[in-house]
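Structure file data-v3.txt (compact mmCIF, C-alpha atoms) is printed below.
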```txt
# COMPACT_ATOMS: atom_id res chain seq x y z
CA MET A 1 8.48 -23.74 -8.70
CA SER A 2 12.18 -24.08 -9.41
CA ALA A 3 13.71 -21.78 -12.00
CA ARG A 4 16.00 -24.55 -13.25
CA PRO A 5 13.77 -25.76 -16.13
CA ALA A 6 13.39 -22.23 -17.48
CA VAL A 7 17.18 -21.72 -17.38
CA ALA A 8 17.93 -25.08 -18.99
CA LEU A 9 15.52 -24.45 -21.89
CA ARG A 10 15.94 -20.70 -22.23
CA TRP A 11 16.68 -21.28 -25.93
CA ALA A 12 13.24 -22.84 -26.56
CA PRO A 13 11.43 -19.57 -27.49
CA ALA A 14 14.15 -18.69 -30.02
CA TRP A 15 13.90 -22.24 -31.41
CA VAL A 16 10.14 -21.90 -32.00
CA VAL A 17 10.51 -18.57 -33.80
CA ALA A 18 13.41 -19.90 -35.89
CA VAL A 19 11.41 -22.96 -36.96
CA VAL A 20 8.55 -20.75 -38.16
CA ALA A 21 10.91 -18.29 -39.87
CA LEU A 22 12.38 -21.23 -41.84
CA TRP A 23 9.01 -22.55 -43.04
CA PRO A 24 9.86 -21.58 -46.66
CA LEU A 25 12.84 -23.98 -46.45
CA PRO A 26 11.39 -27.42 -45.62
CA MET A 27 14.69 -29.26 -45.23
CA ALA A 28 16.08 -26.62 -42.87
CA THR A 29 12.81 -26.71 -40.91
CA ASN A 30 13.00 -30.49 -40.55
CA VAL A 31 16.63 -30.35 -39.41
CA LEU A 32 15.86 -27.69 -36.81
CA LEU A 33 12.77 -29.61 -35.65
CA GLY A 34 14.79 -32.80 -35.30
CA ALA A 35 17.62 -31.07 -33.44
CA GLY A 36 15.19 -29.46 -31.02
CA ALA A 37 13.35 -32.73 -30.50
CA LEU A 38 16.58 -34.61 -29.75
CA ALA A 39 17.76 -31.92 -27.35
CA ALA A 40 14.40 -31.88 -25.56
CA ALA A 41 14.26 -35.69 -25.35
CA GLY A 42 17.81 -35.89 -24.00
CA TRP A 43 17.16 -33.17 -21.44
CA LEU A 44 13.95 -34.85 -20.30
CA LEU A 45 15.71 -38.19 -19.84
CA LEU A 46 18.40 -36.55 -17.74
CA ARG A 47 15.84 -34.72 -15.62
CA ARG A 48 13.75 -37.83 -15.07
CA SER A 49 16.78 -39.97 -14.22
CA SER A 50 17.82 -37.43 -11.57
CA GLY A 51 14.30 -37.25 -10.15
CA GLY A 52 13.61 -33.78 -11.53
CA GLY A 53 10.65 -32.32 -13.29
CA GLY A 54 8.82 -29.06 -13.56
CA LEU A 55 9.06 -28.53 -17.31
CA LEU A 56 5.27 -28.48 -17.69
CA SER A 57 2.29 -28.86 -15.42
CA GLY A 58 0.52 -32.22 -15.25
CA PRO A 59 -2.43 -31.04 -17.37
CA ALA A 60 -0.03 -29.61 -19.96
CA TRP A 61 1.84 -32.93 -20.21
CA ALA A 62 -1.47 -34.72 -20.64
CA LEU A 63 -2.87 -32.29 -23.22
CA THR A 64 0.24 -32.26 -25.41
CA SER A 65 0.47 -36.04 -25.34
CA VAL A 66 -3.23 -36.45 -26.15
CA LEU A 67 -3.04 -34.01 -29.06
CA PHE A 68 -0.03 -35.84 -30.46
CA CYS A 69 -1.77 -39.22 -30.15
CA ALA A 70 -4.84 -37.84 -31.93
CA TYR A 71 -2.54 -36.94 -34.83
CA TRP A 72 -0.20 -39.94 -34.78
CA LEU A 73 -2.37 -42.96 -33.95
CA PRO A 74 -4.42 -42.57 -37.17
CA GLU A 75 -1.16 -42.99 -39.10
CA ILE A 76 -0.56 -46.33 -37.38
CA ALA A 77 -4.13 -47.51 -38.00
CA ALA A 78 -3.90 -46.52 -41.67
CA ALA A 79 -0.50 -48.20 -42.13
CA LEU A 80 -1.80 -51.63 -41.08
CA ASP A 81 -3.06 -52.47 -44.58
CA ALA A 82 -1.79 -49.53 -46.64
CA GLU A 83 -0.97 -50.44 -50.23
CA SER A 84 2.21 -48.36 -50.05
CA GLY A 85 3.55 -50.71 -47.34
CA TRP A 86 6.84 -49.64 -45.79
CA PRO A 87 6.62 -45.93 -46.80
CA ALA A 88 3.45 -45.58 -44.68
CA TRP A 89 5.19 -47.14 -41.67
CA ARG A 90 8.29 -45.03 -42.25
CA SER A 91 6.19 -41.87 -42.22
CA ALA A 92 4.56 -42.88 -38.95
CA LEU A 93 7.89 -43.75 -37.32
CA LEU A 94 9.51 -40.51 -38.46
CA ASP A 95 6.63 -38.50 -37.03
CA LEU A 96 7.49 -39.80 -33.56
CA ARG A 97 10.15 -37.07 -33.48
CA LEU A 98 7.34 -34.52 -33.37
CA LEU A 99 6.30 -35.57 -29.84
CA PRO A 100 9.35 -34.11 -28.03
CA ALA A 101 9.19 -31.16 -30.43
CA LEU A 102 5.60 -30.57 -29.34
CA TRP A 103 6.67 -30.77 -25.67
CA LEU A 104 9.45 -28.28 -26.37
CA ALA A 105 7.04 -25.85 -28.06
CA ALA A 106 4.72 -26.09 -25.07
CA ALA A 107 7.62 -25.49 -22.67
CA ALA A 108 8.68 -22.41 -24.64
CA VAL A 109 5.39 -20.65 -23.77
CA ALA A 110 4.83 -22.21 -20.36
CA ASP A 111 5.42 -18.95 -18.48
CA ALA A 112 4.59 -15.31 -19.12
CA GLY A 113 8.11 -14.41 -20.28
CA GLY A 114 8.25 -17.27 -22.76
CA ARG A 115 4.81 -16.45 -24.13
CA ARG A 116 5.80 -12.83 -24.62
CA ARG A 117 8.99 -13.72 -26.48
CA VAL A 118 7.45 -16.41 -28.68
CA PHE A 119 4.24 -14.59 -29.55
CA THR A 120 6.07 -11.33 -30.24
CA GLY A 121 8.61 -13.18 -32.39
CA LEU A 122 5.88 -14.88 -34.42
CA ALA A 123 4.11 -11.54 -34.83
CA LEU A 124 7.27 -9.93 -36.20
CA VAL A 125 7.84 -12.84 -38.60
CA ALA A 126 4.28 -12.44 -39.91
CA LEU A 127 4.62 -8.67 -40.32
CA VAL A 128 7.98 -8.92 -42.10
CA TRP A 129 6.58 -11.51 -44.51
CA ALA A 130 3.45 -9.44 -45.12
CA LEU A 131 5.33 -6.19 -45.74
CA ASP A 132 7.79 -7.95 -48.03
CA ALA A 133 4.92 -9.47 -50.00
CA LEU A 134 3.31 -6.04 -50.49
CA VAL A 135 6.64 -4.52 -51.55
CA ALA A 136 7.09 -7.42 -53.98
CA VAL A 137 3.64 -6.86 -55.47
CA ALA A 138 4.25 -3.13 -55.82
CA THR A 139 7.85 -3.19 -57.10
CA GLY A 140 8.42 -6.66 -58.53
CA SER A 141 11.32 -7.49 -56.21
CA SER A 142 11.62 -9.03 -52.78
CA LEU A 143 14.45 -8.76 -50.27
CA LEU A 144 13.31 -11.86 -48.43
CA HIS A 145 13.11 -13.87 -51.62
CA GLY A 146 16.76 -13.07 -52.24
CA LEU A 147 17.68 -14.15 -48.71
CA TYR A 148 15.77 -17.42 -48.91
CA ALA A 149 17.08 -18.05 -52.42
CA TRP A 150 20.62 -17.70 -51.09
CA LEU A 151 19.86 -20.17 -48.30
CA ALA A 152 17.85 -22.62 -50.42
CA PRO A 153 20.73 -24.46 -52.15
CA HIS A 154 22.25 -25.20 -48.75
CA SER A 155 19.01 -26.34 -47.10
CA GLY A 156 17.09 -28.48 -49.58
CA GLY A 157 15.24 -25.82 -51.57
CA PHE A 158 12.03 -23.83 -51.24
CA VAL A 159 8.58 -25.09 -50.42
CA VAL A 160 7.49 -27.06 -53.48
CA CYS A 161 5.15 -24.93 -55.57
CA PRO A 162 3.31 -26.61 -58.46
CA GLN A 163 3.13 -24.97 -61.87
CA GLY A 164 0.53 -22.25 -62.15
CA THR A 165 0.69 -21.12 -58.52
CA THR A 166 3.27 -18.35 -58.85
CA TRP A 167 2.33 -14.71 -58.51
CA GLY A 168 3.81 -13.81 -61.87
CA PRO A 169 6.28 -14.81 -64.58
CA ALA A 170 9.06 -15.13 -61.98
CA PRO A 171 8.96 -15.90 -58.26
CA ILE A 172 8.97 -12.64 -56.29
CA SER A 173 7.79 -13.59 -52.82
CA ALA A 174 9.60 -14.97 -49.82
CA PHE A 175 7.97 -18.32 -50.55
CA ALA A 176 9.15 -18.38 -54.16
CA GLY A 177 5.70 -17.26 -55.25
CA CYS A 178 3.86 -20.18 -53.68
CA GLY A 179 0.49 -18.57 -53.06
CA ALA A 180 -1.09 -21.43 -51.11
CA TRP A 181 1.73 -21.78 -48.63
CA GLN A 182 2.31 -18.07 -48.25
CA GLY A 183 -1.36 -17.27 -47.80
CA LEU A 184 -2.02 -19.99 -45.23
CA ALA A 185 1.17 -19.19 -43.32
CA LEU A 186 0.26 -15.51 -43.11
CA ALA A 187 -3.33 -16.29 -42.08
CA SER A 188 -2.11 -18.73 -39.42
CA LEU A 189 0.33 -16.22 -37.94
CA SER A 190 -2.00 -13.22 -38.22
CA PRO A 191 -3.47 -13.67 -34.68
CA PHE A 192 -0.03 -13.05 -33.18
CA ALA A 193 0.43 -9.93 -35.31
CA LEU A 194 -3.03 -8.65 -34.33
CA ALA A 195 -2.29 -9.29 -30.66
CA LEU A 196 0.95 -7.33 -30.97
CA GLY A 197 -0.89 -4.44 -32.60
CA ALA A 198 -3.53 -4.48 -29.86
CA ARG A 199 -0.81 -3.72 -27.30
CA PHE A 200 -0.49 -0.23 -28.78
CA GLY A 201 -4.17 0.61 -29.15
CA MET A 202 -6.96 0.39 -31.69
CA LEU A 203 -5.20 2.39 -34.40
CA ALA A 204 -2.18 0.10 -34.27
CA TRP A 205 -4.48 -2.93 -34.42
CA LEU A 206 -6.19 -1.48 -37.49
CA LEU A 207 -2.89 -0.80 -39.23
CA VAL A 208 -1.58 -4.32 -38.56
CA ALA A 209 -4.87 -5.86 -39.67
CA LEU A 210 -4.82 -3.82 -42.87
CA VAL A 211 -1.28 -4.93 -43.73
CA MET A 212 -2.13 -8.58 -43.08
CA ALA A 213 -5.40 -8.40 -45.04
CA ALA A 214 -3.69 -6.81 -48.05
CA ALA A 215 -0.85 -9.35 -48.08
CA ILE A 216 -3.22 -12.32 -47.71
CA ALA A 217 -5.53 -10.98 -50.42
CA ALA A 218 -2.53 -10.59 -52.73
CA THR A 219 -1.77 -14.32 -52.60
CA SER A 220 -4.96 -15.02 -54.63
CA THR A 221 -5.56 -18.06 -52.43
CA PRO A 222 -9.20 -18.61 -51.43
CA MET A 223 -8.23 -21.00 -48.61
CA ALA A 224 -6.08 -18.25 -47.07
CA TRP A 225 -8.91 -15.73 -47.38
CA ILE A 226 -11.26 -18.08 -45.52
CA ALA A 227 -8.66 -18.75 -42.82
CA PHE A 228 -8.12 -15.02 -42.26
CA ALA A 229 -11.89 -14.49 -42.21
CA CYS A 230 -12.01 -17.01 -39.34
CA VAL A 231 -9.39 -14.96 -37.49
CA LEU A 232 -11.39 -11.74 -37.97
CA LEU A 233 -14.61 -13.40 -36.83
CA LEU A 234 -12.85 -14.64 -33.71
CA GLU A 235 -11.61 -11.09 -33.15
CA LEU A 236 -15.25 -10.00 -33.16
CA ARG A 237 -16.03 -12.72 -30.65
CA ARG A 238 -13.18 -11.58 -28.43
CA ARG A 239 -13.86 -7.85 -28.70
CA PRO A 240 -17.59 -7.41 -29.32
CA GLY A 241 -19.12 -4.07 -30.21
CA TRP A 242 -20.38 -2.30 -33.31
CA ARG A 243 -17.27 -0.12 -33.58
CA HIS A 244 -14.99 -3.11 -33.66
CA GLY A 245 -17.31 -4.85 -36.10
CA LEU A 246 -17.17 -1.92 -38.49
CA SER A 247 -13.40 -1.84 -38.10
CA VAL A 248 -13.10 -5.51 -39.06
CA LEU A 249 -15.31 -4.99 -42.11
CA ALA A 250 -13.32 -1.92 -43.14
CA VAL A 251 -10.05 -3.82 -42.76
CA ALA A 252 -11.26 -6.65 -44.99
CA CYS A 253 -12.48 -4.31 -47.74
CA ALA A 254 -9.49 -1.96 -47.55
CA GLY A 255 -7.04 -4.88 -47.59
CA VAL A 256 -8.51 -6.29 -50.78
CA GLY A 257 -8.58 -2.84 -52.37
CA LEU A 258 -5.00 -2.07 -51.40
CA SER A 259 -3.63 -5.34 -52.75
CA TRP A 260 -5.52 -4.87 -56.02
CA ALA A 261 -4.27 -1.29 -56.34
CA LEU A 262 -0.68 -2.33 -55.76
CA ALA A 263 -0.97 -5.18 -58.23
CA SER A 264 -2.57 -2.98 -60.88
CA THR A 265 -0.16 -0.05 -60.64
CA GLY A 266 3.13 -1.67 -59.58
CA PRO A 267 5.89 -2.37 -62.12
CA SER A 268 5.44 -6.13 -61.95
CA ARG A 269 1.60 -6.18 -61.93
CA PRO A 270 1.68 -9.91 -61.03
CA LEU A 271 -1.99 -10.12 -60.13
CA ALA A 272 -3.42 -8.11 -62.99
CA GLU A 273 -1.40 -8.79 -66.09
CA GLY A 274 -2.44 -11.20 -68.79
CA GLY A 275 -6.07 -10.10 -69.03
CA GLY A 276 -7.45 -10.98 -65.64
CA LEU A 277 -4.86 -13.46 -64.43
CA LYS A 278 -6.12 -13.21 -60.87
CA ALA A 279 -9.68 -14.17 -61.73
CA THR A 280 -8.42 -16.93 -64.00
CA ARG A 281 -6.21 -18.38 -61.27
CA VAL A 282 -8.97 -18.28 -58.67
CA GLN A 283 -11.44 -19.97 -61.04
CA ALA A 284 -8.84 -22.61 -61.94
CA ALA A 285 -8.20 -23.22 -58.26
CA PHE A 286 -11.90 -23.77 -57.63
CA ASP A 287 -12.19 -26.17 -60.59
CA ALA A 288 -9.15 -28.20 -59.53
CA THR A 289 -10.31 -28.28 -55.92
CA SER A 290 -13.75 -29.56 -56.94
CA ALA A 291 -12.17 -32.45 -58.87
CA GLN A 292 -9.89 -33.28 -55.94
CA TRP A 293 -12.78 -33.30 -53.49
CA ARG A 294 -14.75 -35.73 -55.63
CA GLY A 295 -11.75 -37.99 -55.99
CA ALA A 296 -10.93 -37.92 -52.27
CA LEU A 297 -14.52 -38.80 -51.39
CA CYS A 298 -14.35 -41.72 -53.81
CA VAL A 299 -11.14 -42.95 -52.11
CA ALA A 300 -12.65 -42.50 -48.65
CA LEU A 301 -15.72 -44.56 -49.56
CA ALA A 302 -13.48 -47.24 -51.05
CA HIS A 303 -11.42 -47.47 -47.81
CA PRO A 304 -13.94 -46.44 -45.12
CA LEU A 305 -12.38 -48.11 -42.06
CA ASN A 306 -8.76 -46.94 -41.97
CA GLY A 307 -8.28 -45.07 -45.24
CA ALA A 308 -5.80 -45.38 -48.07
CA GLY A 309 -2.82 -44.76 -45.79
CA VAL A 310 -0.64 -41.71 -45.28
CA GLY A 311 0.89 -40.86 -48.64
CA GLY A 312 -1.45 -43.26 -50.41
CA LEU A 313 -4.13 -40.81 -51.52
CA GLU A 314 -2.58 -39.78 -54.85
CA PRO A 315 -2.06 -43.39 -56.07
CA ALA A 316 -5.58 -44.28 -54.94
CA LEU A 317 -6.98 -41.31 -56.85
CA ARG A 318 -5.63 -42.70 -60.12
CA ASP A 319 -7.51 -45.95 -59.58
CA CYS A 320 -10.69 -44.37 -58.22
CA LEU A 321 -11.21 -41.26 -60.31
CA PRO A 322 -8.61 -40.52 -63.02
CA ALA A 323 -9.90 -36.99 -63.67
CA ALA A 324 -9.37 -36.03 -60.05
CA ALA A 325 -5.89 -37.53 -60.11
CA THR A 326 -5.03 -35.34 -63.08
CA GLY A 327 -6.19 -32.26 -61.18
CA ALA A 328 -4.27 -33.29 -58.08
CA ALA A 329 -1.11 -33.75 -60.10
CA ALA A 330 -1.44 -30.38 -61.78
CA ASP A 331 -2.23 -28.34 -58.68
CA ALA A 332 -1.43 -28.35 -55.00
CA ARG A 333 -3.63 -30.75 -53.08
CA ALA A 334 -6.28 -28.74 -51.24
CA LEU A 335 -8.90 -30.76 -49.36
CA PRO A 336 -11.06 -29.96 -46.34
CA LEU A 337 -9.46 -31.24 -43.16
CA LEU A 338 -12.16 -33.81 -42.40
CA LEU A 339 -12.16 -35.18 -45.96
CA ASP A 340 -8.35 -35.31 -46.06
CA VAL A 341 -8.17 -37.21 -42.76
CA PHE A 342 -11.06 -39.50 -43.77
CA ALA A 343 -9.47 -40.36 -47.13
CA GLU A 344 -6.02 -41.15 -45.69
CA THR A 345 -6.90 -42.64 -42.27
CA GLY A 346 -10.57 -43.62 -42.56
CA ALA A 347 -13.29 -43.47 -39.94
CA ALA A 348 -10.86 -44.64 -37.24
CA GLY A 349 -8.55 -41.71 -37.86
CA LEU A 350 -11.41 -39.26 -38.12
CA LEU A 351 -12.81 -40.35 -34.75
CA LEU A 352 -9.38 -39.97 -33.13
CA TRP A 353 -9.05 -36.47 -34.57
CA LEU A 354 -12.49 -35.50 -33.30
CA ALA A 355 -11.61 -36.90 -29.87
CA GLY A 356 -8.47 -34.75 -29.83
CA VAL A 357 -10.48 -31.65 -30.74
CA ALA A 358 -13.02 -32.42 -28.02
CA LEU A 359 -10.29 -32.82 -25.38
CA ALA A 360 -8.59 -29.61 -26.51
CA TRP A 361 -11.89 -27.77 -26.14
CA ARG A 362 -12.51 -29.40 -22.77
CA ALA A 363 -9.11 -28.14 -21.60
CA TRP A 364 -10.12 -24.64 -22.70
CA ARG A 365 -13.41 -24.85 -20.84
CA PHE A 366 -11.69 -25.88 -17.58
CA ALA A 367 -8.92 -23.26 -17.78
CA ASP A 368 -9.29 -20.03 -15.83
CA ALA A 369 -9.69 -16.61 -17.42
CA ALA A 370 -5.99 -15.68 -17.18
CA ALA A 371 -4.95 -18.94 -18.87
CA ARG A 372 -7.46 -18.46 -21.69
CA HIS A 373 -6.25 -14.91 -22.13
CA GLY A 374 -2.66 -16.03 -22.59
CA ALA A 375 -3.55 -18.83 -25.01
CA TRP A 376 -5.97 -16.84 -27.17
CA PRO A 377 -3.66 -16.12 -30.17
CA ALA A 378 -2.60 -19.78 -30.35
CA LEU A 379 -6.25 -20.87 -30.24
CA GLN A 380 -7.11 -18.44 -33.04
CA ALA A 381 -4.25 -19.78 -35.14
CA LEU A 382 -5.29 -23.39 -34.57
CA MET A 383 -8.92 -22.70 -35.45
CA ALA A 384 -7.86 -20.90 -38.63
CA MET A 385 -5.61 -23.80 -39.62
CA LEU A 386 -8.20 -26.47 -38.80
CA PHE A 387 -11.44 -24.83 -39.93
CA PRO A 388 -13.28 -27.91 -41.23
CA LEU A 389 -15.15 -26.25 -44.11
CA ASN A 390 -12.01 -24.72 -45.64
CA ALA A 391 -9.59 -26.38 -48.01
CA SER A 392 -6.14 -26.93 -46.56
CA LEU A 393 -2.75 -28.40 -47.33
CA PRO A 394 -2.06 -32.14 -46.82
CA THR A 395 -2.48 -32.87 -43.12
CA TYR A 396 0.22 -35.53 -42.88
CA ALA A 397 2.74 -34.02 -45.28
CA ALA A 398 5.74 -31.91 -44.29
CA PRO A 399 5.87 -29.10 -43.49
CA TRP A 400 2.16 -28.51 -42.83
CA GLY A 401 1.71 -31.44 -40.44
CA ALA A 402 4.64 -30.27 -38.32
CA ALA A 403 3.21 -26.74 -38.38
CA LEU A 404 -0.11 -28.02 -37.03
CA LEU A 405 1.57 -29.87 -34.16
CA LEU A 406 3.82 -26.92 -33.37
CA MET A 407 0.77 -24.68 -33.02
CA ALA A 408 -0.96 -27.34 -30.89
CA GLY A 409 2.06 -27.32 -28.59
CA LEU A 410 1.91 -23.53 -28.28
CA TYR A 411 -1.79 -23.76 -27.44
CA ALA A 412 -1.34 -26.42 -24.77
CA GLY A 413 1.69 -24.74 -23.20
CA ALA A 414 0.14 -21.28 -23.16
CA LEU A 415 -3.13 -22.61 -21.73
CA TRP A 416 -1.74 -24.68 -18.84
CA GLY A 417 1.95 -23.79 -18.55
CA ARG A 418 4.11 -25.10 -15.76
CA GLU A 419 1.52 -24.19 -13.19
CA ARG A 420 -1.84 -22.50 -13.07
CA GLU A 421 -0.69 -18.89 -13.11
CA GLN A 422 -2.95 -16.50 -11.29
CA GLY A 423 -3.35 -12.89 -12.25
CA THR A 424 -5.57 -10.30 -13.79
CA MET A 425 -6.30 -9.83 -17.44
CA ALA A 426 -3.83 -7.62 -19.30
CA ARG A 427 -4.82 -4.22 -20.50
CA ASN A 428 -6.39 -3.58 -23.86
CA GLY A 429 -7.13 -7.28 -24.38
CA ASP A 430 -3.42 -8.01 -24.91
CA PRO A 431 -2.76 -11.76 -24.88
CA ILE A 432 1.00 -11.28 -25.37
CA ASP A 433 1.71 -9.90 -21.93
```

Can you dump the structure from the file as structure tokens?
Amino acid sequence: MSARPAVALRWAPAWVVAVVALWPLPMATNVLLGAGALAAAGWLLLRRSSGGGGLLSGPAWALTSVLFCAYWLPEIAAALDAESGWPAWRSALLDLRLLPALWLAAAAVADAGGRRRVFTGLALVALVWALDALVAVATGSSLLHGLYAWLAPHSGGFVVCPQGTTWGPAPISAFAGCGAWQGLALASLSPFALALGARFGMLAWLLVALVMAAAIAATSTPMAWIAFACVLLLELRRRPGWRHGLSVLAVACAGVGLSWALASTGPSRPLAEGGGLKATRVQAAFDATSAQWRGALCVALAHPLNGAGVGGLEPALRDCLPAAATGAAADARALPLLLDVFAETGAAGLLLWLAGVALAWRAWRFADAAARHGAWPALQALMAMLFPLNASLPTYAAPWGAALLLMAGLYAGALWGREREQGTMARNGDPID
């Protein structure tokens, strides 16, 4: 294999890590995604016109393209008769930029060196966010929040956080107190942090897992708790044994206890003040989610073939079930993946999504042991993000939709790469090496 593709796109791993690090700033994330997509598309056109290739293996090209089509084609099907009209088509056309971005993400992890840089970078981002969140809970101030707040006016602002979802009276986290986004982001990146900890032994793994568990518990976001539980269960699947099982259970319990202790004794006490604020917020989240689920099911049954259209769910909720629309307006939309896809893109979109999942699993089944080993953290992250029984953020809304495709690109690139790499499994179950 020629080294030319790796040299030409040597900036791709840094681009992936930068995109994830800018998740709290949606406009900056979109700009960086678009710039990377344009650069990748231009480079690919130049390579193809000169008869070159070698960016990805044939199976990796196929898998990334199939995963993108499973995400994008439902948008087209739903836009055919969407009541919103042009906005639905505009969303579908704009999402075309995500295809070269997905190729670029896959190329960034297509060899062992790229995987090591990207996965280590994502692990460090997750650990920095988690530690900053715990410091914020304990002290009431956040260094990262100050940094992102300084960048926000120049990059379109923070992730939009509805009223009632902040940790306390004032935003103190890197995500401006947005519990849903922060919790899901930490849970999605936790496999990379756990893999990094595993490089240094069981004690390091336990310490990393404890930090992540405490930070995720502190967000008071049930959907993030479930996502992290999926990660821990997959860790059990990967490293069976009663000792590891007891370690996972201890991490979960200790993480919850640590976050509660910090919240109860720290100066800001964002999770405990106000007479059980945490319990009140969790109960309110469950109530609002229940109303949203009923409303989304009503919309899905009213538009069973191709859904209400991307971006058309909220208007349809007002016509179908006003009470659910009120809940959706007051709180962040949190629907199970299958219900969200069914409501916006109908049975056609749901079937395309299921076909994409089946092909992704088929690619895993046909990959060799070394390839599975390298792609394991990305697979964990994808399964945590797409767990069908958990509530999640809007599938076709920025920045969560782009985050899903970025992780799909990392999975496909790490699994198949530029060529079927041969080699033995790394020590200590380390997928980063």

Provide the atom CA of Gly356 of chain A to atom CA of Val31 of chain A distance in Å, to one decimal place.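 Here the two named atoms are 27.2 Å from each other.
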
Kindly indicate which residue among A:Leu73, A:Ala21, A:Leu194, A:Ala41 lies nearest to Trp129 of chain A, using only C-alpha atoms for the distances. A:Ala21

Given only C-alpha atoms as the counted atoms, nearest of A:Arg115, A:His303, A:Arg362, A:Arg238 to Gly413 of chain A: A:Arg115

Choose the residue, out of A:Val20, A:Ala384, A:Ala37, A:Leu9, that has the smallest atom-to-atom separation from Leu233 of chain A; count all atoms listed in the file.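 Closest to Leu233 of chain A of all the choices is A:Ala384.
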
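When all atoms listed in the file are used to compute distances to Thr221 of chain A, the closest of the residues A:Pro191, A:Gly140, A:Pro26, A:Gly183 turns out to be A:Gly183.
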
Quick one: residues within 7 Å of Ala88 of chain A, all atoms listed in the file counted, chain neighbours fewer than 5 positions away excluded, as a PyMOL selection string? chain A and resi 79+82+309-311

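Between atom CA of Tyr148 of chain A and atom CA of Ala28 of chain A the interatomic distance comes to 11.0 Å.
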
What's the 12 Å shell around Ala402 of chain A, counting only C-alpha atoms, without same-chain residues fewer than 6 positions away, as a PyMOL selection string? chain A and resi 16+19-20+23+26+29-30+32-34+37+68+71-72+94-102+105+393-396+408-409

Pick the closest to Ala398 of chain A from A:Leu45, A:Leu151, A:Glu235, A:Ser91: which is it, counting all atoms listed in the file?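 Among the listed residues, the smallest separation from Ala398 of chain A belongs to A:Ser91.
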
Can you tell me how far atom CA of Ile226 of chain A sits from atom CA of Gln380 of chain A, in Å to one decimal?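 These two atoms are separated by 13.2 Å.
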
Between A:Ala77, A:Leu124, A:Val231, A:Val135, which one has atoms that come closest to Ala308 of chain A, using all atoms listed in the file? A:Ala77

Sorted by chain and rising residue number, list the residues of segment 297-322 of chain A at most 9 Å from segment 338-345 of chain A (counting all atoms listed in the file), each with its closest atom pair and distance in Å to one decimal, as a Markdown table.
```
| residue | atom | partner | partner_atom | distance |
| --- | --- | --- | --- | --- |
| A:Leu297 | CA | A:Ala343 | CA | 6.8 |
| A:Cys298 | CA | A:Ala343 | CA | 8.4 |
| A:Val299 | CA | A:Ala343 | CA | 5.9 |
| A:Ala300 | CA | A:Ala343 | CA | 4.1 |
| A:Leu301 | CA | A:Ala343 | CA | 7.9 |
| A:Ala302 | CA | A:Ala343 | CA | 8.9 |
| A:His303 | CA | A:Ala343 | CA | 7.4 |
| A:Pro304 | CA | A:Phe342 | CA | 7.6 |
| A:Leu305 | CA | A:Thr345 | CA | 7.7 |
| A:Asn306 | CA | A:Thr345 | CA | 4.7 |
| A:Gly307 | CA | A:Thr345 | CA | 4.1 |
| A:Ala308 | CA | A:Glu344 | CA | 4.9 |
| A:Gly309 | CA | A:Glu344 | CA | 4.8 |
| A:Val310 | CA | A:Glu344 | CA | 5.4 |
| A:Gly311 | CA | A:Glu344 | CA | 7.5 |
| A:Gly312 | CA | A:Glu344 | CA | 6.9 |
| A:Leu313 | CA | A:Glu344 | CA | 6.1 |
```
